[in-house]
>>> print(open('target07.json').read())   # JSON, C-alpha atoms
[["chain", "number", "residue", "atom", "x", "y", "z"],
["A", 12, "MET", "CA", 0.00, 0.00, 0.00],
["A", 13, "VAL", "CA", 1.14, 3.55, -0.75],
["A", 14, "SER", "CA", 1.71, 6.30, 1.83],
["A", 15, "LEU", "CA", -1.34, 7.70, 3.62],
["A", 16, "SER", "CA", -1.99, 11.34, 4.51],
["A", 17, "VAL", "CA", -4.88, 13.24, 6.10],
["A", 18, "LEU", "CA", -7.06, 16.12, 4.89],
["A", 19, "ASP", "CA", -8.96, 17.99, 7.62],
["A", 20, "LEU", "CA", -11.61, 20.71, 7.32],
["A", 21, "VAL", "CA", -11.45, 21.65, 11.01],
["A", 22, "THR", "CA", -15.13, 20.81, 11.32],
["A", 23, "VAL", "CA", -17.35, 22.59, 13.84],
["A", 24, "ARG", "CA", -19.96, 20.30, 15.41],
["A", 25, "GLU", "CA", -23.47, 21.18, 16.52],
["A", 26, "GLY", "CA", -23.13, 22.04, 20.20],
["A", 27, "GLY", "CA", -19.41, 22.74, 19.78],
["A", 28, "SER", "CA", -17.35, 25.87, 19.16],
["A", 29, "VAL", "CA", -14.58, 27.03, 16.84],
["A", 30, "GLY", "CA", -12.19, 26.57, 19.76],
["A", 31, "ASP", "CA", -13.35, 22.98, 20.14],
["A", 32, "ALA", "CA", -12.78, 22.38, 16.41],
["A", 33, "LEU", "CA", -9.23, 23.71, 16.58],
["A", 34, "HIS", "CA", -8.49, 21.59, 19.65],
["A", 35, "ASP", "CA", -9.91, 18.53, 17.87],
["A", 36, "ALA", "CA", -7.81, 19.22, 14.76],
["A", 37, "ALA", "CA", -4.63, 19.26, 16.82],
["A", 38, "ALA", "CA", -5.60, 16.01, 18.54],
["A", 39, "LEU", "CA", -6.37, 14.46, 15.14],
["A", 40, "ALA", "CA", -2.95, 15.52, 13.83],
["A", 41, "GLN", "CA", -1.29, 13.92, 16.86],
["A", 42, "THR", "CA", -3.17, 10.70, 16.15],
["A", 43, "ALA", "CA", -2.15, 10.81, 12.48],
["A", 44, "GLU", "CA", 1.48, 11.31, 13.45],
["A", 45, "ALA", "CA", 1.44, 8.43, 15.92],
["A", 46, "ALA", "CA", -0.23, 6.15, 13.36],
["A", 47, "GLY", "CA", 2.40, 6.85, 10.70],
["A", 48, "TYR", "CA", 0.57, 9.15, 8.28],
["A", 49, "LYS", "CA", 2.89, 11.19, 6.07],
["A", 50, "ARG", "CA", 1.10, 14.57, 5.97],
["A", 51, "PHE", "CA", -1.68, 16.49, 7.67],
["A", 52, "TRP", "CA", -3.32, 19.08, 5.42],
["A", 53, "VAL", "CA", -5.91, 21.76, 6.19],
["A", 54, "ALA", "CA", -8.32, 23.07, 3.55],
["A", 55, "GLU", "CA", -9.26, 26.71, 3.01],
["A", 56, "HIS", "CA", -13.01, 27.39, 3.16],
["A", 57, "HIS", "CA", -14.74, 30.63, 4.07],
["A", 58, "ALA", "CA", -18.03, 31.94, 5.44],
["A", 59, "MET", "CA", -19.20, 28.45, 6.45],
["A", 60, "GLU", "CA", -20.50, 27.98, 9.98],
["A", 61, "GLY", "CA", -19.33, 24.38, 10.11],
["A", 62, "VAL", "CA", -15.73, 24.89, 8.92],
["A", 63, "ALA", "CA", -13.07, 26.63, 11.03],
["A", 64, "GLY", "CA", -9.98, 26.25, 8.83],
["A", 65, "GLY", "CA", -10.23, 29.47, 6.82],
["A", 66, "ALA", "CA", -7.08, 31.06, 8.25],
["A", 67, "VAL", "CA", -4.97, 28.14, 7.06],
["A", 68, "SER", "CA", -1.51, 29.40, 7.97],
["A", 69, "VAL", "CA", -2.64, 30.23, 11.53],
["A", 70, "VAL", "CA", -4.24, 26.80, 11.92],
["A", 71, "LEU", "CA", -1.05, 25.16, 10.63],
["A", 72, "ALA", "CA", 1.01, 27.00, 13.26],
["A", 73, "HIS", "CA", -1.33, 25.54, 15.88],
["A", 74, "ILE", "CA", -1.02, 22.04, 14.35],
["A", 75, "GLY", "CA", 2.74, 22.37, 14.12],
["A", 76, "GLN", "CA", 3.06, 23.18, 17.80],
["A", 77, "ALA", "CA", 1.01, 20.10, 18.67],
["A", 78, "THR", "CA", 3.11, 17.70, 16.57],
["A", 79, "ARG", "CA", 6.80, 16.91, 16.12],
["A", 80, "ALA", "CA", 7.59, 15.37, 12.73],
["A", 81, "ILE", "CA", 4.57, 14.89, 10.47],
["A", 82, "ARG", "CA", 4.50, 17.15, 7.41],
["A", 83, "ILE", "CA", 1.80, 19.83, 7.66],
["A", 84, "GLY", "CA", 0.36, 21.95, 4.90],
["A", 85, "SER", "CA", -2.47, 23.46, 2.94],
["A", 86, "GLY", "CA", -4.90, 21.36, 0.99],
["A", 87, "GLY", "CA", -5.07, 24.02, -0.11],
["A", 88, "ILE", "CA", -4.48, 27.73, -0.22],
["A", 89, "MET", "CA", -6.93, 29.19, -2.74],
["A", 90, "LEU", "CA", -4.46, 31.55, -4.37],
["A", 91, "PRO", "CA", -6.93, 33.89, -6.17],
["A", 92, "ASN", "CA", -8.06, 34.99, -2.69],
["A", 93, "HIS", "CA", -4.54, 36.12, -1.80],
["A", 94, "ASN", "CA", -1.45, 38.00, -2.86],
["A", 95, "PRO", "CA", 1.48, 35.68, -3.70],
["A", 96, "PHE", "CA", 3.87, 37.82, -1.64],
["A", 97, "VAL", "CA", 1.74, 37.48, 1.49],
["A", 98, "ILE", "CA", 1.52, 33.69, 1.07],
["A", 99, "ALA", "CA", 5.30, 33.52, 0.60],
["A", 100, "GLU", "CA", 5.74, 35.37, 3.90],
["A", 101, "GLN", "CA", 3.21, 33.19, 5.72],
["A", 102, "PHE", "CA", 4.62, 29.88, 4.54],
["A", 103, "GLY", "CA", 8.17, 31.12, 4.89],
["A", 104, "THR", "CA", 7.32, 31.83, 8.52],
["A", 105, "LEU", "CA", 5.88, 28.34, 8.93],
["A", 106, "ASP", "CA", 9.03, 26.84, 7.41],
["A", 107, "ALA", "CA", 11.16, 28.82, 9.87],
["A", 108, "LEU", "CA", 9.06, 27.52, 12.76],
["A", 109, "PHE", "CA", 8.82, 23.92, 11.52],
["A", 110, "PRO", "CA", 11.74, 23.38, 9.12],
["A", 111, "GLY", "CA", 11.44, 20.59, 6.59],
["A", 112, "ARG", "CA", 7.77, 19.96, 7.38],
["A", 113, "ILE", "CA", 5.78, 22.47, 5.31],
["A", 114, "ASP", "CA", 3.66, 21.76, 2.21],
["A", 115, "LEU", "CA", 1.95, 24.46, 0.18],
["A", 116, "GLY", "CA", -0.92, 23.06, -1.88],
["A", 117, "LEU", "CA", -2.46, 25.63, -4.23],
["A", 118, "GLY", "CA", -5.96, 25.74, -5.69],
["A", 119, "ARG", "CA", -7.82, 28.05, -8.06],
["A", 120, "ALA", "CA", -11.36, 27.93, -6.63],
["A", 121, "PRO", "CA", -12.42, 30.60, -4.12],
["A", 122, "GLY", "CA", -13.60, 28.18, -1.42],
["A", 123, "ALA", "CA", -16.78, 30.25, -0.90],
["A", 124, "ASP", "CA", -19.69, 31.81, -2.79],
["A", 125, "ALA", "CA", -19.80, 35.14, -4.65],
["A", 126, "ARG", "CA", -20.39, 37.15, -1.47],
["A", 127, "PHE", "CA", -16.88, 36.28, -0.35],
["A", 128, "GLY", "CA", -15.37, 38.16, -3.28],
["A", 129, "GLN", "CA", -17.33, 41.22, -2.26],
["A", 130, "ALA", "CA", -16.07, 40.87, 1.31],
["A", 131, "LEU", "CA", -12.50, 40.71, -0.02],
["A", 132, "ARG", "CA", -13.12, 43.74, -2.26],
["A", 133, "LYS", "CA", -11.88, 41.55, -5.09],
["A", 134, "ASP", "CA", -13.06, 40.22, -8.46],
["A", 135, "LEU", "CA", -12.31, 36.54, -7.87],
["A", 136, "SER", "CA", -13.23, 35.48, -11.40],
["A", 137, "ARG", "CA", -10.68, 37.87, -12.81],
["A", 138, "ALA", "CA", -8.13, 36.91, -10.16],
["A", 139, "ALA", "CA", -8.52, 33.26, -11.15],
["A", 140, "GLU", "CA", -7.44, 34.15, -14.68],
["A", 141, "TYR", "CA", -4.03, 35.11, -13.30],
["A", 142, "PHE", "CA", -3.67, 31.90, -11.31],
["A", 143, "PRO", "CA", -0.84, 30.38, -13.44],
["A", 144, "GLN", "CA", 1.19, 33.60, -13.26],
["A", 145, "ASP", "CA", 0.57, 33.89, -9.52],
["A", 146, "VAL", "CA", 1.76, 30.30, -8.96],
["A", 147, "MET", "CA", 4.98, 31.00, -10.85],
["A", 148, "GLU", "CA", 5.50, 34.26, -8.97],
["A", 149, "LEU", "CA", 4.96, 32.54, -5.63],
["A", 150, "ARG", "CA", 7.43, 29.81, -6.52],
["A", 151, "ALA", "CA", 9.99, 32.44, -7.55],
["A", 152, "LEU", "CA", 9.48, 34.32, -4.28],
["A", 153, "LEU", "CA", 10.27, 31.14, -2.32],
["A", 154, "THR", "CA", 13.04, 29.70, -4.48],
["A", 155, "GLY", "CA", 14.68, 32.73, -6.11],
["A", 156, "GLU", "CA", 14.29, 31.09, -9.53],
["A", 157, "PRO", "CA", 13.99, 33.43, -11.30],
["A", 158, "GLU", "CA", 15.29, 36.16, -9.05],
["A", 159, "LEU", "CA", 12.69, 38.90, -8.50],
["A", 160, "PRO", "CA", 13.29, 42.60, -7.74],
["A", 161, "ILE", "CA", 11.97, 42.11, -4.19],
["A", 162, "ARG", "CA", 12.54, 39.32, -1.69],
["A", 163, "ALA", "CA", 10.02, 38.00, 0.81],
["A", 164, "THR", "CA", 11.49, 37.81, 4.31],
["A", 165, "PRO", "CA", 10.59, 35.34, 5.64],
["A", 166, "GLY", "CA", 9.94, 33.33, 2.51],
["A", 167, "TYR", "CA", 13.00, 33.56, 0.29],
["A", 168, "GLY", "CA", 14.92, 30.30, 0.46],
["A", 169, "ALA", "CA", 12.25, 28.50, 2.49],
["A", 170, "GLN", "CA", 12.19, 24.75, 1.91],
["A", 171, "VAL", "CA", 8.46, 24.61, 1.20],
["A", 172, "GLU", "CA", 7.13, 21.73, -0.91],
["A", 173, "MET", "CA", 4.68, 23.19, -3.44],
["A", 174, "TRP", "CA", 1.74, 21.18, -4.80],
["A", 175, "MET", "CA", -0.92, 21.81, -7.40],
["A", 176, "LEU", "CA", -4.46, 20.84, -6.38],
["A", 177, "GLY", "CA", -7.30, 20.21, -8.78],
["A", 178, "SER", "CA", -10.80, 18.88, -9.35],
["A", 179, "SER", "CA", -10.78, 19.38, -13.15],
["A", 180, "LEU", "CA", -8.38, 19.11, -16.07],
["A", 181, "PHE", "CA", -7.01, 22.64, -15.66],
["A", 182, "GLY", "CA", -4.96, 21.88, -12.56],
["A", 183, "ALA", "CA", -3.61, 18.68, -14.13],
["A", 184, "GLN", "CA", -2.32, 20.56, -17.16],
["A", 185, "LEU", "CA", -0.77, 23.33, -15.07],
["A", 186, "ALA", "CA", 0.89, 20.89, -12.66],
["A", 187, "ALA", "CA", 2.35, 18.99, -15.61],
["A", 188, "MET", "CA", 3.61, 22.16, -17.28],
["A", 189, "LEU", "CA", 5.28, 23.46, -14.11],
["A", 190, "GLY", "CA", 6.68, 20.09, -13.00],
["A", 191, "MET", "CA", 4.79, 20.04, -9.70],
["A", 192, "PRO", "CA", 3.30, 17.17, -7.69],
["A", 193, "TYR", "CA", -0.46, 16.94, -8.24],
["A", 194, "ALA", "CA", -3.30, 16.21, -5.80],
["A", 195, "PHE", "CA", -6.77, 15.47, -7.15],
["A", 196, "ALA", "CA", -9.88, 16.23, -5.06],
["A", 197, "SER", "CA", -11.74, 13.04, -5.95],
["A", 198, "HIS", "CA", -13.32, 12.92, -2.49],
["A", 199, "PHE", "CA", -15.88, 15.51, -3.64],
["A", 200, "ALA", "CA", -15.31, 15.82, -7.42],
["A", 201, "PRO", "CA", -14.82, 12.32, -8.84],
["A", 202, "ASP", "CA", -15.94, 12.89, -12.44],
["A", 203, "HIS", "CA", -12.61, 13.88, -14.01],
["A", 204, "LEU", "CA", -10.32, 11.77, -11.82],
["A", 205, "ASP", "CA", -9.09, 9.26, -14.39],
["A", 206, "GLN", "CA", -8.77, 11.74, -17.24],
["A", 207, "ALA", "CA", -6.96, 14.31, -15.10],
["A", 208, "LEU", "CA", -4.38, 11.83, -13.82],
["A", 209, "ASP", "CA", -3.78, 10.47, -17.32],
["A", 210, "MET", "CA", -3.32, 13.99, -18.70],
["A", 211, "TYR", "CA", -0.95, 14.98, -15.87],
["A", 212, "ARG", "CA", 1.27, 11.95, -16.42],
["A", 213, "LYS", "CA", 1.37, 12.24, -20.20],
["A", 214, "GLN", "CA", 2.07, 15.98, -20.25],
["A", 215, "PHE", "CA", 4.46, 16.15, -17.29],
["A", 216, "ARG", "CA", 7.65, 18.16, -17.78],
["A", 217, "PRO", "CA", 10.48, 17.54, -15.30],
["A", 218, "SER", "CA", 11.49, 20.57, -13.25],
["A", 219, "ALA", "CA", 14.26, 21.49, -10.85],
["A", 220, "TRP", "CA", 11.96, 20.36, -8.04],
["A", 221, "LEU", "CA", 10.44, 17.15, -9.43],
["A", 222, "ASP", "CA", 11.88, 14.78, -12.03],
["A", 223, "LYS", "CA", 8.82, 12.58, -12.63],
["A", 224, "PRO", "CA", 5.06, 12.74, -12.03],
["A", 225, "TYR", "CA", 3.86, 12.35, -8.46],
["A", 226, "VAL", "CA", 0.15, 11.85, -7.79],
["A", 227, "MET", "CA", -1.91, 12.13, -4.64],
["A", 228, "ALA", "CA", -5.61, 11.20, -4.79],
["A", 229, "ALA", "CA", -8.23, 11.99, -2.15],
["A", 230, "ILE", "CA", -10.85, 9.58, -0.85],
["A", 231, "ASN", "CA", -13.47, 9.74, 1.92],
["A", 232, "VAL", "CA", -12.61, 7.20, 4.59],
["A", 233, "ILE", "CA", -14.51, 6.29, 7.73],
["A", 234, "ALA", "CA", -13.32, 3.11, 9.40],
["A", 235, "ALA", "CA", -15.03, 1.58, 12.41],
["A", 236, "GLU", "CA", -15.19, -1.77, 14.15],
["A", 237, "ASP", "CA", -17.71, -3.05, 11.59],
["A", 238, "ASP", "CA", -19.53, -1.95, 8.45],
["A", 239, "GLU", "CA", -22.77, -1.07, 10.26],
["A", 240, "GLU", "CA", -21.09, 1.28, 12.73],
["A", 241, "ALA", "CA", -19.10, 3.00, 9.96],
["A", 242, "ALA", "CA", -22.23, 3.52, 7.87],
["A", 243, "LEU", "CA", -23.96, 5.16, 10.83],
["A", 244, "LEU", "CA", -20.97, 7.42, 11.55],
["A", 245, "GLY", "CA", -20.91, 8.41, 7.88],
["A", 246, "THR", "CA", -24.43, 9.85, 8.02],
["A", 247, "SER", "CA", -23.05, 13.01, 9.65],
["A", 248, "MET", "CA", -20.90, 13.61, 6.57],
["A", 249, "ASP", "CA", -23.85, 12.76, 4.32],
["A", 250, "GLN", "CA", -26.06, 15.32, 6.06],
["A", 251, "SER", "CA", -23.41, 18.01, 5.65],
["A", 252, "PHE", "CA", -23.09, 17.45, 1.93],
["A", 253, "VAL", "CA", -26.84, 17.39, 1.33],
["A", 254, "ALA", "CA", -27.20, 20.59, 3.35],
["A", 255, "LEU", "CA", -24.40, 22.25, 1.37],
["A", 256, "ARG", "CA", -25.90, 21.31, -1.98],
["A", 257, "SER", "CA", -29.32, 22.43, -0.77],
["A", 258, "GLY", "CA", -27.99, 25.88, 0.10],
["A", 259, "THR", "CA", -28.36, 25.40, 3.86],
["A", 260, "PRO", "CA", -24.86, 24.53, 5.15],
["A", 261, "GLY", "CA", -24.35, 24.42, 8.88],
["A", 262, "ARG", "CA", -22.46, 22.67, 11.62],
["A", 263, "LEU", "CA", -21.77, 18.94, 11.58],
["A", 264, "ARG", "CA", -24.80, 17.04, 12.85],
["A", 265, "PRO", "CA", -25.07, 13.85, 14.90],
["A", 266, "PRO", "CA", -25.47, 10.60, 12.97],
["A", 267, "VAL", "CA", -28.99, 9.52, 11.98],
["A", 268, "PRO", "CA", -29.84, 5.82, 11.58],
["A", 269, "GLY", "CA", -31.26, 5.11, 8.12],
["A", 270, "TYR", "CA", -30.56, 8.66, 6.93],
["A", 271, "ARG", "CA", -30.19, 7.81, 3.26],
["A", 272, "GLN", "CA", -33.57, 6.09, 3.24],
["A", 273, "THR", "CA", -35.17, 9.42, 4.20],
["A", 274, "LEU", "CA", -33.86, 11.25, 1.13],
["A", 275, "PRO", "CA", -35.87, 11.85, -2.05],
["A", 276, "PRO", "CA", -34.47, 10.02, -5.11],
["A", 277, "SER", "CA", -32.84, 13.13, -6.57],
["A", 278, "GLN", "CA", -30.88, 13.92, -3.41],
["A", 279, "LEU", "CA", -29.94, 10.29, -2.89],
["A", 280, "ALA", "CA", -28.60, 10.02, -6.44],
["A", 281, "MET", "CA", -26.62, 13.22, -6.02],
["A", 282, "LEU", "CA", -25.16, 12.03, -2.72],
["A", 283, "GLU", "CA", -24.21, 8.60, -4.00],
["A", 284, "HIS", "CA", -22.60, 10.10, -7.09],
["A", 285, "MET", "CA", -20.50, 12.53, -5.06],
["A", 286, "ARG", "CA", -19.56, 9.91, -2.46],
["A", 287, "GLN", "CA", -18.59, 7.25, -5.00],
["A", 288, "VAL", "CA", -14.89, 7.67, -4.09],
["A", 289, "SER", "CA", -15.23, 6.45, -0.51],
["A", 290, "ALA", "CA", -14.15, 3.66, 1.80],
["A", 291, "ILE", "CA", -16.65, 3.43, 4.64],
["A", 292, "GLY", "CA", -16.81, 0.26, 6.69],
["A", 293, "GLY", "CA", -14.97, -2.11, 8.96],
["A", 294, "PRO", "CA", -11.24, -2.76, 8.50],
["A", 295, "GLU", "CA", -11.67, -5.45, 5.84],
["A", 296, "LYS", "CA", -13.95, -3.32, 3.68],
["A", 297, "VAL", "CA", -11.73, -0.26, 4.05],
["A", 298, "ARG", "CA", -8.67, -2.30, 3.10],
["A", 299, "ALA", "CA", -10.37, -3.67, 0.00],
["A", 300, "ASP", "CA", -11.82, -0.33, -1.08],
["A", 301, "LEU", "CA", -8.50, 1.46, -0.68],
["A", 302, "ALA", "CA", -6.69, -1.26, -2.60],
["A", 303, "ARG", "CA", -9.14, -0.87, -5.50],
["A", 304, "PHE", "CA", -8.70, 2.89, -5.42],
["A", 305, "VAL", "CA", -4.91, 2.60, -5.53],
["A", 306, "GLU", "CA", -5.15, 0.12, -8.40],
["A", 307, "ARG", "CA", -7.50, 2.44, -10.29],
["A", 308, "THR", "CA", -5.46, 5.60, -9.84],
["A", 309, "GLY", "CA", -1.90, 4.31, -9.62],
["A", 310, "ALA", "CA", -1.48, 7.04, -6.99],
["A", 311, "ASP", "CA", 1.84, 7.49, -5.24],
["A", 312, "GLU", "CA", 0.01, 8.67, -2.13],
["A", 313, "ILE", "CA", -3.56, 8.63, -0.80],
["A", 314, "ILE", "CA", -5.03, 11.42, 1.31],
["A", 315, "VAL", "CA", -8.04, 10.51, 3.41],
["A", 316, "SER", "CA", -10.87, 12.92, 4.12],
["A", 317, "GLY", "CA", -14.06, 12.56, 6.12],
["A", 318, "ALA", "CA", -15.74, 13.76, 9.29],
["A", 319, "THR", "CA", -17.51, 12.18, 12.24],
["A", 320, "TYR", "CA", -19.66, 13.96, 14.80],
["A", 321, "ASP", "CA", -17.66, 12.47, 17.66],
["A", 322, "PRO", "CA", -14.01, 13.57, 17.20],
["A", 323, "ALA", "CA", -12.84, 10.44, 19.01],
["A", 324, "MET", "CA", -14.41, 8.33, 16.26],
["A", 325, "ARG", "CA", -12.44, 10.20, 13.59],
["A", 326, "ARG", "CA", -9.24, 9.56, 15.50],
["A", 327, "ARG", "CA", -10.18, 5.91, 15.82],
["A", 328, "SER", "CA", -10.94, 5.83, 12.09],
["A", 329, "LEU", "CA", -7.41, 6.99, 11.29],
["A", 330, "GLU", "CA", -5.93, 4.34, 13.57],
["A", 331, "LEU", "CA", -8.05, 1.54, 12.08],
["A", 332, "THR", "CA", -7.29, 2.68, 8.53],
["A", 333, "ALA", "CA", -3.55, 2.72, 9.13],
["A", 334, "LYS", "CA", -3.67, -0.79, 10.65],
["A", 335, "ALA", "CA", -5.90, -2.07, 7.83],
["A", 336, "VAL", "CA", -3.40, -1.16, 5.11],
["A", 337, "ALA", "CA", -0.20, -1.91, 7.03]]
>>> encode(input="target07.json", output="structure tokens")
Amino acid sequence: MVSLSVLDLVTVREGGSVGDALHDAAALAQTAEAAGYKRFWVAEHHAMEGVAGGAVSVVLAHIGQATRAIRIGSGGIMLPNHNPFVIAEQFGTLDALFPGRIDLGLGRAPGADARFGQALRKDLSRAAEYFPQDVMELRALLTGEPELPIRATPGYGAQVEMWMLGSSLFGAQLAAMLGMPYAFASHFAPDHLDQALDMYRKQFRPSAWLDKPYVMAAINVIAAEDDEEAALLGTSMDQSFVALRSGTPGRLRPPVPGYRQTLPPSQLAMLEHMRQVSAIGGPEKVRADLARFVERTGADEIIVSGATYDPAMRRRSLELTAKAVA
């Protein structure tokens, strides 16, 4: 089995607080480190009551203080929301605090709806058009190749591992062109998975930072003692996605027995389509599902996503998953 990593949204539960979510994220990272996971990534989302990871670099400083060796990073920073110079300073600071441990995954989507652009005083659609140039500028600010008229301090010379994220073909093409490792968000956008990975590998150009293609693929994983328990735990995640797609996102809700049977056919079909890249069950089922996913994608690394209402169950899920594929 390939290396395993973790993607966390810093989920806020019903009845819990943002402080609780940040505490739980640190505890989850400690569990991932102890279980042998390679990386712990935090995703950038905004203006969502149930997600507390918007200030990614600040959250990563918190995670870094709670851990000792596991790589930590962004999965990802949505670069159109930001100035490349500011991100270079932030991740240069993280590298200075936690040398040799920092990943910088970059995405093009805003991570929020149109109101967020207004709050930023920014045209995010136009900013997204400059995404390739901004990625190259950010890389130059960190590496000095090419040398720019101004240096970011901290930032210049930081040993930050840069990644391209994607849920469509655009990111695959850009990652290939720039010679960057590529992570595909198949845990929520499975439709272009196979085509994107094929395109990335075929079009890849070696760079000073990467000599051959390197693929990470994301999958929803909830492992429990048996299939029935895992299915019940997974209904919290199901409720969150249905609420998001229905325009009523909120905090993570407790599990509901038989939840999928309560959904109308259209919502059930939507949910099952989106959740098709998942491994939810007891250890044997999770092992088999992950093995099929690795065989399908040929991924060099798998990053597991997912959420449970009880944070202890998510920690247990990581432990069971690691043991299942050992």
>>> closest_residue(input="target07.json", among="A:Ala58, A:Ala254, A:Ala37, A:Ala169", to="Ala72 of chain A", atoms="all atoms listed in the file")
A:Ala37
>>> residues_around(input="target07.json", residues="Gly61 of chain A", least_positions_apart="2", cutoff="8 Å", atoms="only C-alpha atoms", output="MDAnalysis selection string")
chainID A and resid 22:24 59 63 260:263
>>> closest_residue(input="target07.json", among="A:Arg79, A:Lys334, A:Lys133, A:His93", to="Gly111 of chain A", atoms="all atoms listed in the file")
A:Arg79
>>> residues_around(input="target07.json", residues="Ala139 of chain A", least_positions_apart="3", cutoff="7 Å", atoms="all atoms listed in the file", output="PDB file with C-alpha atoms, in the coordinates of the input")
ATOM      1  CA  PRO A  91      -6.930  33.890  -6.170  1.00  0.00           C
ATOM      2  CA  ARG A 119      -7.820  28.050  -8.060  1.00  0.00           C
ATOM      3  CA  LEU A 135     -12.310  36.540  -7.870  1.00  0.00           C
ATOM      4  CA  SER A 136     -13.230  35.480 -11.400  1.00  0.00           C
ATOM      5  CA  PHE A 142      -3.670  31.900 -11.310  1.00  0.00           C
TER       6      PHE A 142
END
>>> closest_residue(input="target07.json", among="A:Thr332, A:Asn92, A:Gly177, A:Thr154", to="Arg137 of chain A", atoms="all atoms listed in the file")
A:Asn92
>>> closest_residue(input="target07.json", among="A:Glu239, A:Ala290, A:Thr308, A:Leu149", to="Asp209 of chain A", atoms="all atoms listed in the file")
A:Thr308
>>> atom_distance(input="target07.json", atom1="atom CA of Leu152 of chain A", atom2="atom CA of Tyr167 of chain A")
5.8 Å
>>> atom_distance(input="target07.json", atom1="atom CA of Met248 of chain A", atom2="atom CA of Ile313 of chain A")
19.5 Å
>>> closest_residue(input="target07.json", among="A:Pro95, A:Pro294, A:Pro110, A:Pro266", to="Ala138 of chain A", atoms="all atoms listed in the file")
A:Pro95
>>> closest_residue(input="target07.json", among="A:Gln278, A:Ser289, A:Ser16, A:Thr273", to="Ile230 of chain A", atoms="all atoms listed in the file")
A:Ser289
>>> atom_distance(input="target07.json", atom1="atom CA of Gly269 of chain A", atom2="atom CA of His284 of chain A")
18.2 Å
>>> residues_around(input="target07.json", residues="Gly190 of chain A", least_positions_apart="4", cutoff="6 Å", atoms="only C-alpha atoms", output="list in words")
Ala186, Arg216, Pro217, Ser218 and Leu221 of chain A
>>> residues_around(input="target07.json", residues="Phe252 of chain A", least_positions_apart="3", cutoff="12 Å", atoms="all atoms listed in the file", output="PDB file with C-alpha atoms, in the coordinates of the input")
ATOM      1  CA  GLY A  61     -19.330  24.380  10.110  1.00  0.00           C
ATOM      2  CA  HIS A 198     -13.320  12.920  -2.490  1.00  0.00           C
ATOM      3  CA  PHE A 199     -15.880  15.510  -3.640  1.00  0.00           C
ATOM      4  CA  GLY A 245     -20.910   8.410   7.880  1.00  0.00           C
ATOM      5  CA  THR A 246     -24.430   9.850   8.020  1.00  0.00           C
ATOM      6  CA  SER A 247     -23.050  13.010   9.650  1.00  0.00           C
ATOM      7  CA  MET A 248     -20.900  13.610   6.570  1.00  0.00           C
ATOM      8  CA  ASP A 249     -23.850  12.760   4.320  1.00  0.00           C
ATOM      9  CA  LEU A 255     -24.400  22.250   1.370  1.00  0.00           C
ATOM     10  CA  ARG A 256     -25.900  21.310  -1.980  1.00  0.00           C
ATOM     11  CA  SER A 257     -29.320  22.430  -0.770  1.00  0.00           C
ATOM     12  CA  GLY A 258     -27.990  25.880   0.100  1.00  0.00           C
ATOM     13  CA  THR A 259     -28.360  25.400   3.860  1.00  0.00           C
ATOM     14  CA  PRO A 260     -24.860  24.530   5.150  1.00  0.00           C
ATOM     15  CA  GLY A 261     -24.350  24.420   8.880  1.00  0.00           C
ATOM     16  CA  ARG A 262     -22.460  22.670  11.620  1.00  0.00           C
ATOM     17  CA  LEU A 263     -21.770  18.940  11.580  1.00  0.00           C
ATOM     18  CA  ARG A 264     -24.800  17.040  12.850  1.00  0.00           C
ATOM     19  CA  GLN A 278     -30.880  13.920  -3.410  1.00  0.00           C
ATOM     20  CA  LEU A 279     -29.940  10.290  -2.890  1.00  0.00           C
ATOM     21  CA  MET A 281     -26.620  13.220  -6.020  1.00  0.00           C
ATOM     22  CA  LEU A 282     -25.160  12.030  -2.720  1.00  0.00           C
ATOM     23  CA  GLU A 283     -24.210   8.600  -4.000  1.00  0.00           C
ATOM     24  CA  HIS A 284     -22.600  10.100  -7.090  1.00  0.00           C
ATOM     25  CA  MET A 285     -20.500  12.530  -5.060  1.00  0.00           C
ATOM     26  CA  ARG A 286     -19.560   9.910  -2.460  1.00  0.00           C
ATOM     27  CA  GLY A 317     -14.060  12.560   6.120  1.00  0.00           C
ATOM     28  CA  ALA A 318     -15.740  13.760   9.290  1.00  0.00           C
TER      29      ALA A 318
END
>>> residues_around(input="target07.json", residues="Ala228 of chain A", least_positions_apart="6", cutoff="12 Å", atoms="only C-alpha atoms", output="PyMOL selection string")
chain A and resi 13-18+86+175-178+192-201+203-205+207-208+288-289+301+304-316
